[in-house]
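Written below as structure tokens is the structure these notes are about.
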Amino acid sequence: MQPKKSQTHTLFPAVVREYQYGDLPINTELYQRVKAFQQDHRVDNAIAKRNLATINGYQPDVVLHEHWEQDPVWDQFLNTCVHPGIQAYLAEHAQLAGWPTPGFSYTFAASWAVLYPAGAYQIAHFHRNIFCVMAYYARVPIRPRPEGAISFINPHVEATFPPEYGWDYHRNFYPVNGTAIVFPGWLQHYSHPHNSQDERLLLTFDVKLLPPD
């Protein structure tokens with residue numbers, strides 16, 4: 001006998017969206033601006049001051065969306081890559097997970113840049129009380145995998161079962177110049193070190209939802 005009603009529910013999905021913007025000229029401009037921070041004695045390395053997830057890298061101790069608010073290059077970057085990517089993610093998340101519902105908007109809770117020299121990486125962490133995170137890779141040395149990968153840890157307890165059960169412990173993404181990845185703030189992740197003499201540049205945005213008025 002067939003049931004009168006049958007429905008599949010996807011509970012608590014982790015929606016991750018990846019974009020490839022390509023090796024835009026703006027990537028070089030962003031890199032040059034972050035390198036200028038590194039040469040400026042007035043700008044501290046936040047990694048040396050606070051207990052952060054990044055190991056052996058350089059993170060200028062500035063809030064990018066405040067510091068560069070009047071910078072035309074920054075404004076171009078936001079309007080070309082950041083805002084369209086976040087808005088598309090919100091729309092897809094609403095379609096797949098049922099929220100945010102219409103009327104919600106968003107703001108940046110934080111934004112920062114990190115330079116990764118050879119051997120630098122990030123330990124496993126998540127972004128507390130943040131709806132989603134956009135990670136934009138402006139500069140990525142070409143290296144053999146898994147160097148430089150970002151790994152998302154499976155949040156379900158089945159991921160700790162033996163591999164023959166078929167549950168992946170994590171999922172790797174391999175960014176290149178101009179890759180953007182948007183993911184939930186609660187999703188644990190870490191990055192792999194690379195061994196190139198060239199630096200990797202990552203710009204990150206913490207996104208908070210604003211409820212309707």
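In the structure tokens, each chain is lettered A, B, ... as it comes, each chain's residues begin at 1, and ligands are numbered from 1 in order of appearance.
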
Legend entry - Per-residue DSSP, stretch 7-88 of chain A, filtered to strand (DSSP E), as a list in words: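 Residues meeting the strand (DSSP E) criterion: Arg17, Glu18, Tyr19, Gln20, Thr54 and Ile55 of chain A.
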
Saved selection, atoms kept: N, CA and C atoms, as a compact mmCIF listing (two decimals), in the first residue's frame:
```txt
# COMPACT_ATOMS: atom_id res chain seq x y z
N ARG A 17 28.79 27.61 -1.16
CA ARG A 17 28.75 28.07 -2.56
C ARG A 17 30.15 28.54 -2.96
N GLU A 18 30.58 28.12 -4.15
CA GLU A 18 31.92 28.46 -4.66
C GLU A 18 31.78 29.27 -5.95
N TYR A 19 32.59 30.32 -6.06
CA TYR A 19 32.62 31.17 -7.25
C TYR A 19 34.05 31.20 -7.79
N GLN A 20 34.16 31.33 -9.09
CA GLN A 20 35.46 31.53 -9.73
C GLN A 20 35.41 32.84 -10.52
N THR A 54 45.05 31.64 12.81
CA THR A 54 46.12 31.62 11.82
C THR A 54 47.48 31.42 12.50
N ILE A 55 48.27 30.54 11.93
CA ILE A 55 49.60 30.22 12.45
C ILE A 55 50.65 30.70 11.46
```

Sorted by chain and rising residue number, list the residues of stretch 29-110 of chain A at most 12 Å from stretch 4-12 of chain A (counting only C-alpha atoms), each with its closest atom pair and distance in Å to one decimal, as a tab-separated table.
```
residue	atom	partner	partner_atom	distance
A:His93	CA	A:Phe12	CA	11.0
A:Gln95	CA	A:Thr10	CA	11.7
A:Leu96	CA	A:Thr10	CA	8.3
A:Ala97	CA	A:Phe12	CA	7.3
A:Gly98	CA	A:Phe12	CA	10.1
A:Trp99	CA	A:Phe12	CA	11.0
```

Inset, instruction - Give me, please, the distance in Å between atom CA of A:Leu203 and atom CA of A:Ala94, quoted to one decimal. - result: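 Rounded to one decimal, the two atoms are 24.9 Å apart.
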
Excluding A:His41 and residues on its chain fewer than 6 positions from it, collect all residues at most 12 Å away from it, counting only C-alpha atoms, and give them as a PDB file with C-alpha atoms, in the first residue's frame.
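What landed in result_20.pdb:
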```
ATOM      1  CA  LYS A  35      51.721  44.517   1.559  1.00  0.00           C
ATOM      2  CA  PRO A  60      46.966  43.619   9.532  1.00  0.00           C
ATOM      3  CA  ASP A  61      45.094  44.747  12.625  1.00  0.00           C
TER       4      ASP A  61
END
```

Legend entry - Which residue of A:Leu52, A:Val157, A:Ala120, A:Cys132 approaches A:His192 most closely, using only C-alpha atoms: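 Of A:Leu52, A:Val157, A:Ala120, A:Cys132, the one nearest A:His192, counting only C-alpha atoms, is A:Ala120.
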